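Shown next: model-v8.cif, containing mmCIF, C-alpha atoms and all ligand atoms.
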data_entry
loop_
_atom_site.label_atom_id
_atom_site.label_comp_id
_atom_site.auth_asym_id
_atom_site.auth_seq_id
_atom_site.Cartn_x
_atom_site.Cartn_y
_atom_site.Cartn_z
CA MET K 1445 125.10 101.18 131.91
CA SER K 1446 127.37 101.08 128.84
CA GLU K 1447 130.50 98.96 129.13
CA ASP K 1448 132.68 102.00 128.46
CA ALA K 1449 131.22 104.06 131.30
CA PRO K 1450 133.86 104.88 133.92
CA PRO K 1451 133.21 103.34 137.34
CA ALA K 1452 131.22 105.65 139.60
CA ALA K 1453 133.41 107.47 142.09
CA ALA K 1454 133.75 105.29 145.15
CA SER K 1455 132.19 107.79 147.53
CA ILE K 1456 129.82 107.09 150.42
CA SER K 1457 126.86 109.27 151.29
CA ALA K 1458 124.34 108.65 154.08
CA ARG K 1459 121.43 110.74 155.32
CA GLY K 1460 119.41 110.04 158.44
CA LEU K 1461 120.69 106.47 158.47
CA VAL K 1462 119.01 104.26 161.07
CA LYS K 1463 119.42 100.65 162.18
CA HIS K 1464 117.51 99.68 165.29
CA TYR K 1465 117.21 96.23 166.85
CA GLU K 1466 114.74 94.62 169.23
CA ALA K 1467 111.74 96.74 168.25
CA GLY K 1468 113.68 99.97 168.68
CA ARG K 1469 115.06 99.21 172.13
CA VAL K 1470 118.61 99.01 170.72
CA ARG K 1471 119.46 102.04 168.58
CA ALA K 1472 122.67 100.73 167.02
CA VAL K 1473 122.78 103.41 164.30
CA ASP K 1474 120.52 106.31 165.08
CA GLY K 1475 120.42 109.04 162.45
CA VAL K 1476 123.85 109.14 160.82
CA ASP K 1477 124.70 111.75 158.16
CA LEU K 1478 127.94 110.93 156.41
CA GLN K 1479 129.88 112.10 153.36
CA ILE K 1480 133.07 110.27 152.46
CA ALA K 1481 134.79 111.28 149.23
CA SER K 1482 136.33 108.87 146.76
CA GLY K 1483 139.91 108.08 147.84
CA GLU K 1484 139.48 109.45 151.38
CA PHE K 1485 140.93 107.65 154.43
CA VAL K 1486 138.47 107.96 157.32
CA ALA K 1487 138.86 106.45 160.78
CA ILE K 1488 135.81 105.72 162.95
CA CYS K 1489 136.36 105.77 166.71
CA GLY K 1490 134.05 105.38 169.66
CA PRO K 1491 133.31 103.21 172.69
CA SER K 1492 132.21 99.59 172.55
CA GLY K 1493 128.58 99.23 171.49
CA CYS K 1494 128.29 102.70 169.90
CA GLY K 1495 127.40 101.25 166.48
CA LYS K 1496 130.70 101.15 164.55
CA THR K 1497 130.38 97.59 163.23
CA THR K 1498 126.69 98.11 162.45
CA LEU K 1499 127.57 101.18 160.36
CA LEU K 1500 130.24 99.23 158.42
CA TYR K 1501 127.74 96.40 157.81
CA LEU K 1502 125.26 98.89 156.36
CA ILE K 1503 127.93 100.32 154.03
CA ALA K 1504 128.86 96.76 153.02
CA ALA K 1505 125.16 95.92 152.39
CA ILE K 1506 125.39 93.02 154.83
CA ASP K 1507 122.54 94.71 156.70
CA ARG K 1508 119.85 97.03 155.34
CA PRO K 1509 118.93 100.31 157.02
CA GLY K 1510 115.58 100.69 158.77
CA ALA K 1511 115.35 104.30 157.59
CA GLY K 1512 117.39 106.94 155.80
CA THR K 1513 119.32 106.85 152.55
CA LEU K 1514 122.68 105.32 151.76
CA GLU K 1515 124.49 105.67 148.45
CA VAL K 1516 127.83 104.03 147.74
CA ALA K 1517 129.77 104.27 144.48
CA GLY K 1518 126.69 105.68 142.79
CA ARG K 1519 124.24 102.99 143.93
CA SER K 1520 121.47 103.25 146.44
CA LEU K 1521 121.82 100.42 148.96
CA THR K 1522 118.42 100.78 150.60
CA ASP K 1523 116.46 98.36 148.41
CA LEU K 1524 119.11 95.98 147.06
CA SER K 1525 118.04 92.37 146.56
CA ASN K 1526 120.36 89.76 148.08
CA THR K 1527 121.77 88.94 144.64
CA GLU K 1528 122.46 92.61 143.93
CA ALA K 1529 124.08 92.96 147.36
CA ASP K 1530 126.37 89.99 146.66
CA GLU K 1531 127.41 91.49 143.33
CA TYR K 1532 127.94 94.92 144.91
CA ARG K 1533 130.15 93.50 147.67
CA ARG K 1534 132.17 91.44 145.21
CA SER K 1535 132.78 94.30 142.79
CA VAL K 1536 133.10 97.33 145.07
CA ILE K 1537 133.88 96.35 148.66
CA GLY K 1538 136.76 94.68 150.49
CA LEU K 1539 135.82 93.90 154.08
CA ILE K 1540 138.05 92.98 156.99
CA PHE K 1541 135.77 91.69 159.74
CA GLN K 1542 136.34 92.23 163.44
CA LEU K 1543 136.46 88.46 163.96
CA HIS K 1544 138.30 87.50 160.76
CA ASN K 1545 135.66 84.96 159.58
CA LEU K 1546 138.08 82.67 157.74
CA LEU K 1547 136.74 79.36 156.47
CA PRO K 1548 138.19 76.76 158.86
CA ASN K 1549 138.63 73.92 156.38
CA LEU K 1550 140.51 75.98 153.79
CA THR K 1551 144.20 76.87 153.87
CA ALA K 1552 145.37 80.48 154.02
CA LEU K 1553 146.00 80.44 150.27
CA GLU K 1554 142.52 79.02 149.59
CA ASN K 1555 140.82 81.50 151.92
CA VAL K 1556 142.37 84.42 150.04
CA GLN K 1557 141.01 82.99 146.77
CA VAL K 1558 137.39 82.69 147.98
CA PRO K 1559 136.23 86.17 146.82
CA MET K 1560 137.76 85.51 143.38
CA LEU K 1561 135.78 82.28 142.80
CA PRO K 1562 132.65 83.94 141.35
CA THR K 1563 134.67 86.30 139.13
CA GLY K 1564 135.68 83.75 136.49
CA ARG K 1565 139.40 84.42 136.99
CA PRO K 1566 141.33 81.29 135.91
CA PRO K 1567 142.57 79.10 138.80
CA ARG K 1568 146.26 79.71 138.05
CA GLN K 1569 145.78 83.49 138.15
CA ARG K 1570 143.75 83.18 141.34
CA ARG K 1571 146.56 81.25 142.99
CA LEU K 1572 149.24 83.66 141.83
CA ARG K 1573 147.29 86.67 143.04
CA ALA K 1574 146.54 85.02 146.41
CA ARG K 1575 150.23 84.19 146.76
CA SER K 1576 151.32 87.75 146.06
CA LEU K 1577 148.75 89.10 148.55
CA LEU K 1578 149.97 86.73 151.25
CA GLU K 1579 153.49 87.91 150.51
CA ARG K 1580 152.36 91.52 150.96
CA VAL K 1581 151.08 90.74 154.44
CA GLY K 1582 154.22 88.76 155.32
CA LEU K 1583 152.70 85.27 155.27
CA SER K 1584 154.39 83.56 152.31
CA ASP K 1585 155.66 80.78 154.53
CA ARG K 1586 152.19 79.97 155.92
CA GLU K 1587 150.14 79.66 152.74
CA ASN K 1588 149.22 76.01 153.35
CA ALA K 1589 148.28 76.49 156.99
CA LEU K 1590 144.70 76.04 158.22
CA PRO K 1591 143.28 78.97 160.25
CA SER K 1592 143.23 76.90 163.46
CA THR K 1593 147.02 76.56 163.24
CA LEU K 1594 147.61 80.30 162.73
CA SER K 1595 148.04 82.88 165.47
CA VAL K 1596 145.27 85.48 165.85
CA GLY K 1597 147.47 88.14 164.23
CA GLU K 1598 148.28 85.81 161.32
CA ARG K 1599 144.57 85.12 160.79
CA GLN K 1600 144.01 88.85 160.77
CA ARG K 1601 146.61 89.20 158.02
CA VAL K 1602 145.00 86.42 155.93
CA ALA K 1603 141.71 88.31 156.30
CA ILE K 1604 143.43 91.49 155.07
CA ALA K 1605 144.84 89.66 152.03
CA ARG K 1606 141.39 88.19 151.32
CA ALA K 1607 139.74 91.62 151.50
CA LEU K 1608 142.11 92.86 148.79
CA ALA K 1609 141.54 89.89 146.46
CA ASN K 1610 139.30 91.68 143.95
CA GLU K 1611 141.03 95.08 144.13
CA PRO K 1612 138.15 96.77 145.96
CA ARG K 1613 137.47 100.45 145.38
CA ILE K 1614 136.36 100.74 149.01
CA LEU K 1615 138.08 98.92 151.86
CA LEU K 1616 136.12 98.63 155.11
CA ALA K 1617 138.07 97.34 158.09
CA ASP K 1618 136.90 96.65 161.62
CA GLU K 1619 139.79 96.98 164.11
CA PRO K 1620 142.38 95.70 161.62
CA THR K 1621 145.36 96.29 163.92
CA GLY K 1622 143.58 94.98 167.03
CA SER K 1623 145.48 91.70 167.17
CA LEU K 1624 148.69 92.69 165.41
CA ASP K 1625 152.04 93.27 167.09
CA SER K 1626 153.68 96.64 166.46
CA LYS K 1627 155.77 95.41 163.51
CA ASN K 1628 152.78 93.95 161.67
CA GLY K 1629 150.62 96.90 162.69
CA GLU K 1630 153.17 99.22 161.05
CA ARG K 1631 153.27 96.97 157.98
CA LEU K 1632 149.49 97.18 157.68
CA LEU K 1633 149.58 100.97 157.96
CA GLU K 1634 152.10 101.06 155.11
CA LEU K 1635 149.84 98.81 153.05
CA LEU K 1636 146.88 101.13 153.71
CA ASP K 1637 148.99 104.15 152.65
CA GLU K 1638 149.97 102.33 149.47
CA LEU K 1639 146.35 101.44 148.67
CA GLN K 1640 145.27 105.02 149.13
CA ARG K 1641 148.18 106.47 147.16
CA ASP K 1642 148.49 103.99 144.27
CA ALA K 1643 145.05 102.40 143.92
CA LYS K 1644 143.08 105.46 145.16
CA THR K 1645 141.11 103.14 147.41
CA THR K 1646 138.57 104.73 149.76
CA LEU K 1647 139.43 103.53 153.28
CA VAL K 1648 136.98 103.39 156.18
CA ILE K 1649 138.65 101.92 159.23
CA VAL K 1650 137.08 101.32 162.65
CA THR K 1651 139.85 101.58 165.19
CA HIS K 1652 140.87 102.25 168.77
CA ASP K 1653 144.47 102.60 167.62
CA PRO K 1654 145.76 106.21 167.75
CA LEU K 1655 148.40 105.36 165.11
CA VAL K 1656 145.71 104.41 162.61
CA ALA K 1657 143.68 107.51 163.47
CA GLN K 1658 146.77 109.70 162.96
CA ARG K 1659 147.39 108.26 159.51
CA SER K 1660 143.81 108.87 158.43
CA GLY K 1661 142.70 112.12 156.85
CA ARG K 1662 139.72 112.46 159.18
CA VAL K 1663 138.40 110.89 162.36
CA LEU K 1664 134.67 110.35 162.91
CA GLN K 1665 133.66 110.01 166.55
CA MET K 1666 130.65 107.81 167.23
CA LEU K 1667 128.59 107.74 170.40
CA ASP K 1668 125.22 106.05 170.97
CA GLY K 1669 124.62 105.37 167.28
CA GLN K 1670 125.46 108.89 166.14
CA ILE K 1671 128.44 110.73 164.73
CA THR K 1672 129.23 113.43 167.23
CA ASN K 1673 131.82 115.56 165.45
CA GLY K 1674 131.40 117.81 162.45
CA PRO K 1675 131.89 116.75 158.84
CA THR K 1676 135.27 118.45 158.44
CA SER K 1677 136.76 117.78 161.85
CA SER K 1678 140.22 116.27 161.82
CA LEU K 1679 140.52 115.98 165.57
CA VAL K 1680 142.45 112.85 166.53
CA ARG K 1681 141.04 111.44 169.75
CA CYS K 1682 140.68 107.67 169.83
N1 LIG J 1701 121.89 91.60 165.56
C1 LIG J 1701 121.73 92.37 166.64
N2 LIG J 1701 120.64 92.25 167.42
C2 LIG J 1701 120.46 93.04 168.50
N3 LIG J 1701 121.35 93.99 168.89
C3 LIG J 1701 122.44 94.15 168.16
C4 LIG J 1701 122.70 93.36 166.99
N4 LIG J 1701 123.89 93.75 166.45
C5 LIG J 1701 124.34 94.74 167.25
N5 LIG J 1701 123.48 94.97 168.26
C6 LIG J 1701 123.63 95.99 169.30
O1 LIG J 1701 123.81 97.25 168.67
C7 LIG J 1701 124.74 98.05 169.38
C8 LIG J 1701 125.89 98.45 168.44
O2 LIG J 1701 126.65 97.28 168.15
P1 LIG J 1701 127.97 97.31 167.28
O3 LIG J 1701 128.43 95.91 167.11
O4 LIG J 1701 127.72 98.10 166.06
O5 LIG J 1701 128.96 98.13 168.24
P2 LIG J 1701 130.51 98.49 168.07
O6 LIG J 1701 130.63 99.97 168.16
O7 LIG J 1701 131.03 97.83 166.86
O8 LIG J 1701 131.14 97.83 169.39
P3 LIG J 1701 132.60 97.12 169.60
O9 LIG J 1701 133.60 98.26 169.70
O10 LIG J 1701 132.44 96.42 170.92
O11 LIG J 1701 132.85 96.20 168.47
C9 LIG J 1701 125.18 97.23 170.58
O12 LIG J 1701 124.39 97.61 171.68
C10 LIG J 1701 124.86 95.80 170.18
O13 LIG J 1701 124.58 94.99 171.29
MG MG J 1702 132.41 96.29 166.56
#
As a first step, turn the structure in this file into structure tokens.
Ligand SMILES: Nc1ncnc2c1ncn2[C@@H]1O[C@H](COP(=O)(O)OP(=O)(O)OP(=O)(O)O)[C@@H](O)[C@H]1O
Ligand SMILES: [Mg+2]
Amino acid sequence: MSEDAPPAAASISARGLVKHYEAGRVRAVDGVDLQIASGEFVAICGPSGCGKTTLLYLIAAIDRPGAGTLEVAGRSLTDLSNTEADEYRRSVIGLIFQLHNLLPNLTALENVQVPMLPTGRPPRQRRLRARSLLERVGLSDRENALPSTLSVGERQRVAIARALANEPRILLADEPTGSLDSKNGERLLELLDELQRDAKTTLVIVTHDPLVAQRSGRVLQMLDGQITNGPTSSLVRC
């Protein structure tokens, strides 16, 4: 690709996507067809165990599908090598995990800088950017804290700041308001609105929170590894 080429639109397209475990006994994702346009805000709802996290992990190229096709931001993710997957995640994806996954021996400020380490950004710029992200999630006063000394909601907010470190074109979030009080939940919703409006970020958010679903442009219902509502449905039922 030439250096002047514009970045491929950050859309997501899946056909017949499958991820089974335990020799097919567990059908975590079981034939998903999905079209998400660049800049869309989509919420994914559904009961525990229906395959929401597995689907996000496929889109993030943390896992590879067993069958079907998956294209994100113009790349096919089905046969990526591990190195290509690392580069893809670093340059395209911001991911907020269900269980935060902060590094326990690093401070909040250091955790936010981790995704920037392989990018060659100078240390001073890394620190300044991490600081401004922590400020955006309301944690300026806790930048030197270790994760074990932070509340669950504060850890969640560090994870949100970390996911935004490299200005991802696609933000994937797994229950991002799950452990936030209503004030911080509202703050996160405002941040998501801002990302969609100003940075044109594509947002795919797994949630049980009706407020998040209401803010999204479209809700996908999952059940037993499948998406059960139509491609244009905007029904809010989480
Ligand atoms: N590595 C794995 N090995 C075997 N089974 C797995 C694995 N990962 C997930 N599963 C199973 O796949 C199914 C879907 O799991 P997944 O984590 O995607 O559900 P979920 O919708 O995110 O649930 P929750 O709302 O509880 O987070 C579950 O039955 C789960 O036990
Ligand atoms: Mg999950």
Counting all atoms listed in the file, figure out which residue out of K:Pro1548, K:Pro1562, K:Gly1518, K:Pro1620 gets nearest to ligand LIG 1701 (chain J).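 Distance minimum relative to ligand LIG 1701 (chain J) lands on K:Pro1620.
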For Val1486 in chain K, list every protein, DNA or RNA residue within 7 Å, evaluated using all atoms listed in the file, and leave out those in the same chain fewer than 5 positions away; present the list as a PDB file with C-alpha atoms, keeping the file's coordinate frame.
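The new file around16.pdb reads:
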ATOM      1  CA  LEU K1647     139.430 103.530 153.280  1.00  0.00           C
ATOM      2  CA  VAL K1648     136.980 103.390 156.180  1.00  0.00           C
ATOM      3  CA  ILE K1649     138.650 101.920 159.230  1.00  0.00           C
ATOM      4  CA  SER K1660     143.810 108.870 158.430  1.00  0.00           C
ATOM      5  CA  GLY K1661     142.700 112.120 156.850  1.00  0.00           C
ATOM      6  CA  ARG K1662     139.720 112.460 159.180  1.00  0.00           C
ATOM      7  CA  VAL K1663     138.400 110.890 162.360  1.00  0.00           C
TER       8      VAL K1663
END
Give me, as a ChimeraX atom specification, all polymer residues having an atom no more than 10 Å from Ala1574 in chain K, counting all atoms listed in the file and skipping those fewer than 3 positions away in the same chain. /K:1552-1558,1560,1568-1571,1577-1580,1584,1587,1602,1605-1606,1608-1609
Output the selection as a PDB file, in the coordinates of the input - C-alpha atoms for each residue.
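Saved as selection.pdb:
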ATOM      1  CA  ALA K1552     145.370  80.480 154.020  1.00  0.00           C
ATOM      2  CA  LEU K1553     146.000  80.440 150.270  1.00  0.00           C
ATOM      3  CA  GLU K1554     142.520  79.020 149.590  1.00  0.00           C
ATOM      4  CA  ASN K1555     140.820  81.500 151.920  1.00  0.00           C
ATOM      5  CA  VAL K1556     142.370  84.420 150.040  1.00  0.00           C
ATOM      6  CA  GLN K1557     141.010  82.990 146.770  1.00  0.00           C
ATOM      7  CA  VAL K1558     137.390  82.690 147.980  1.00  0.00           C
ATOM      8  CA  MET K1560     137.760  85.510 143.380  1.00  0.00           C
ATOM      9  CA  ARG K1568     146.260  79.710 138.050  1.00  0.00           C
ATOM     10  CA  GLN K1569     145.780  83.490 138.150  1.00  0.00           C
ATOM     11  CA  ARG K1570     143.750  83.180 141.340  1.00  0.00           C
ATOM     12  CA  ARG K1571     146.560  81.250 142.990  1.00  0.00           C
ATOM     13  CA  LEU K1577     148.750  89.100 148.550  1.00  0.00           C
ATOM     14  CA  LEU K1578     149.970  86.730 151.250  1.00  0.00           C
ATOM     15  CA  GLU K1579     153.490  87.910 150.510  1.00  0.00           C
ATOM     16  CA  ARG K1580     152.360  91.520 150.960  1.00  0.00           C
ATOM     17  CA  SER K1584     154.390  83.560 152.310  1.00  0.00           C
ATOM     18  CA  GLU K1587     150.140  79.660 152.740  1.00  0.00           C
ATOM     19  CA  VAL K1602     145.000  86.420 155.930  1.00  0.00           C
ATOM     20  CA  ALA K1605     144.840  89.660 152.030  1.00  0.00           C
ATOM     21  CA  ARG K1606     141.390  88.190 151.320  1.00  0.00           C
ATOM     22  CA  LEU K1608     142.110  92.860 148.790  1.00  0.00           C
ATOM     23  CA  ALA K1609     141.540  89.890 146.460  1.00  0.00           C
TER      24      ALA K1609
END
Using only C-alpha atoms - which residues lie no farther than 9 Å from the point (114.9, 100.4, 158.5) in the file's frame? Write them as a count of residues only. 10
Determine the nearest neighbour of ligand LIG 1701 (chain J) from the options K:Ile1614, K:Leu1594, K:Val1473, K:Ile1604, counting only C-alpha atoms and all ligand atoms. K:Val1473
Mind listing the residues within 10 Å of ligand MG 1702 (chain J), all atoms listed in the file counted, as a PyMOL selection string? chain K and resi 1490-1501+1541-1543+1618-1619+1650-1651
Atomic separation - CA of Glu1598 in chain K relative to CA of Leu1502 in chain K, Å: 26.9 Å
Using CA of Leu1478 in chain K and CA of Ser1457 in chain K as the two end points, give the distance in Å to one decimal.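 If I compute the distance from CA of Leu1478 in chain K to CA of Ser1457 in chain K, I get 5.5 Å.
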Could you give me, as a PyMOL selection string, the residues within 7 Å of Gln1670 in chain K, counting all atoms listed in the file and dropping anything in the same chain fewer than 6 positions from it? chain K and resi 1473-1476
Option closest in space to Leu1514 in chain K, from K:Leu1547, K:Leu1635, K:Val1536, K:Ile1456 [counting all atoms listed in the file]: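 Smallest separation from Leu1514 in chain K among the options: K:Ile1456.
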Compile the contact shell of Ser1455 in chain K as a list in words: residues with an atom at most 9 Å away, counting all atoms listed in the file, same-chain residues fewer than 6 positions apart removed. Gln1479, Ile1480, Ala1481, Ser1482, Gly1483, Glu1484, Glu1515, Val1516, Ala1517, Gly1518, Ile1614 and Thr1646 of chain K
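Comparing K:Gly1622, K:Arg1631, K:Ala1643, K:Leu1636 by their smallest distance to Arg1659 in chain K, the closest is K:Leu1636 (using only C-alpha atoms).
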Atom pair CA of Leu1616 in chain K + CA of Gly1538 in chain K, distance 6.1 Å
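Nearest-residue note for ligand LIG 1701 (chain J): choosing from K:Ala1452, K:Ala1657, K:Ala1589, K:Ala1467, the minimum distance belongs to K:Ala1467, counting all atoms listed in the file.
For the residues K:Leu1539, K:Asp1477, K:Ala1458, K:Arg1471, ranking by smallest atom-to-atom distance to ligand LIG 1701 (chain J) using all atoms listed in the file places K:Arg1471 first.
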Listed atoms of ligand LIG 1701 (chain J) boxed along x, y and z, 4 Å each side, centre and edge lengths in Å, one decimal, as lines of an AutoDock Vina configuration file:
center_x = 127.0
center_y = 95.8
center_z = 168.6
size_x = 21.1
size_y = 16.4
size_z = 14.1
Provide range 1459-1489 of chain K rebuilt to N, CA and C atoms, formatted as an mmCIF file, in the coordinates of the input.
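Printed below is out.cif as written:
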data_model
loop_
_atom_site.group_PDB
_atom_site.id
_atom_site.type_symbol
_atom_site.label_atom_id
_atom_site.label_comp_id
_atom_site.auth_asym_id
_atom_site.auth_seq_id
_atom_site.Cartn_x
_atom_site.Cartn_y
_atom_site.Cartn_z
ATOM 1 N N ARG K 1459 122.278 109.689 154.716
ATOM 2 C CA ARG K 1459 121.430 110.740 155.320
ATOM 3 C C ARG K 1459 120.410 110.095 156.238
ATOM 4 N N GLY K 1460 120.411 110.523 157.482
ATOM 5 C CA GLY K 1460 119.410 110.040 158.440
ATOM 6 C C GLY K 1460 119.402 108.519 158.567
ATOM 7 N N LEU K 1461 120.592 107.927 158.495
ATOM 8 C CA LEU K 1461 120.690 106.470 158.470
ATOM 9 C C LEU K 1461 120.357 105.869 159.840
ATOM 10 N N VAL K 1462 119.492 104.858 159.816
ATOM 11 C CA VAL K 1462 119.010 104.260 161.070
ATOM 12 C C VAL K 1462 119.057 102.742 160.976
ATOM 13 N N LYS K 1463 119.568 102.106 162.035
ATOM 14 C CA LYS K 1463 119.420 100.650 162.180
ATOM 15 C C LYS K 1463 119.134 100.377 163.657
ATOM 16 N N HIS K 1464 117.901 100.012 163.926
ATOM 17 C CA HIS K 1464 117.510 99.680 165.290
ATOM 18 C C HIS K 1464 117.299 98.171 165.404
ATOM 19 N N TYR K 1465 117.484 97.639 166.590
ATOM 20 C CA TYR K 1465 117.210 96.230 166.850
ATOM 21 C C TYR K 1465 116.201 96.121 167.993
ATOM 22 N N GLU K 1466 115.639 94.937 168.111
ATOM 23 C CA GLU K 1466 114.740 94.620 169.230
ATOM 24 C C GLU K 1466 113.642 95.675 169.374
ATOM 25 N N ALA K 1467 112.899 95.820 168.294
ATOM 26 C CA ALA K 1467 111.740 96.740 168.250
ATOM 27 C C ALA K 1467 112.096 98.141 168.734
ATOM 28 N N GLY K 1468 113.301 98.594 168.362
ATOM 29 C CA GLY K 1468 113.680 99.970 168.680
ATOM 30 C C GLY K 1468 114.337 100.152 170.033
ATOM 31 N N ARG K 1469 114.420 99.059 170.811
ATOM 32 C CA ARG K 1469 115.060 99.210 172.130
ATOM 33 C C ARG K 1469 116.567 99.435 171.987
ATOM 34 N N VAL K 1470 117.169 98.821 170.949
ATOM 35 C CA VAL K 1470 118.610 99.010 170.720
ATOM 36 C C VAL K 1470 118.785 99.886 169.481
ATOM 37 N N ARG K 1471 119.282 101.098 169.695
ATOM 38 C CA ARG K 1471 119.460 102.040 168.580
ATOM 39 C C ARG K 1471 120.914 102.010 168.131
ATOM 40 N N ALA K 1472 121.270 100.965 167.381
ATOM 41 C CA ALA K 1472 122.670 100.730 167.020
ATOM 42 C C ALA K 1472 123.214 101.869 166.154
ATOM 43 N N VAL K 1473 122.455 102.233 165.120
ATOM 44 C CA VAL K 1473 122.780 103.410 164.300
ATOM 45 C C VAL K 1473 121.526 104.271 164.317
ATOM 46 N N ASP K 1474 121.698 105.545 164.689
ATOM 47 C CA ASP K 1474 120.520 106.310 165.080
ATOM 48 C C ASP K 1474 120.504 107.708 164.471
ATOM 49 N N GLY K 1475 120.492 107.745 163.127
ATOM 50 C CA GLY K 1475 120.420 109.040 162.450
ATOM 51 C C GLY K 1475 121.800 109.551 162.054
ATOM 52 N N VAL K 1476 122.492 108.760 161.233
ATOM 53 C CA VAL K 1476 123.850 109.140 160.820
ATOM 54 C C VAL K 1476 123.813 109.854 159.468
ATOM 55 N N ASP K 1477 124.444 111.034 159.424
ATOM 56 C CA ASP K 1477 124.700 111.750 158.160
ATOM 57 C C ASP K 1477 126.191 111.631 157.900
ATOM 58 N N LEU K 1478 126.533 111.258 156.676
ATOM 59 C CA LEU K 1478 127.940 110.930 156.410
ATOM 60 C C LEU K 1478 128.252 111.223 154.960
ATOM 61 N N GLN K 1479 129.392 111.889 154.728
ATOM 62 C CA GLN K 1479 129.880 112.100 153.360
ATOM 63 C C GLN K 1479 131.333 111.683 153.349
ATOM 64 N N ILE K 1480 131.668 110.670 152.591
ATOM 65 C CA ILE K 1480 133.070 110.270 152.460
ATOM 66 C C ILE K 1480 133.410 110.320 150.974
ATOM 67 N N ALA K 1481 134.445 111.093 150.642
ATOM 68 C CA ALA K 1481 134.790 111.280 149.230
ATOM 69 C C ALA K 1481 135.584 110.081 148.715
ATOM 70 N N SER K 1482 135.545 109.919 147.406
ATOM 71 C CA SER K 1482 136.330 108.870 146.760
ATOM 72 C C SER K 1482 137.817 109.068 147.098
ATOM 73 N N GLY K 1483 138.480 108.002 147.546
ATOM 74 C CA GLY K 1483 139.910 108.080 147.840
ATOM 75 C C GLY K 1483 140.242 108.606 149.226
ATOM 76 N N GLU K 1484 139.218 108.958 150.015
ATOM 77 C CA GLU K 1484 139.480 109.450 151.380
ATOM 78 C C GLU K 1484 139.865 108.302 152.311
ATOM 79 N N PHE K 1485 140.597 108.621 153.372
ATOM 80 C CA PHE K 1485 140.930 107.650 154.430
ATOM 81 C C PHE K 1485 140.286 108.195 155.710
ATOM 82 N N VAL K 1486 139.226 107.516 156.152
ATOM 83 C CA VAL K 1486 138.470 107.960 157.320
ATOM 84 C C VAL K 1486 138.564 106.909 158.416
ATOM 85 N N ALA K 1487 138.870 107.350 159.632
ATOM 86 C CA ALA K 1487 138.860 106.450 160.780
ATOM 87 C C ALA K 1487 137.582 106.676 161.575
ATOM 88 N N ILE K 1488 136.986 105.591 162.085
ATOM 89 C CA ILE K 1488 135.810 105.720 162.950
ATOM 90 C C ILE K 1488 136.185 105.226 164.340
ATOM 91 N N CYS K 1489 136.020 106.103 165.328
ATOM 92 C CA CYS K 1489 136.360 105.770 166.710
ATOM 93 C C CYS K 1489 135.110 105.873 167.573
#
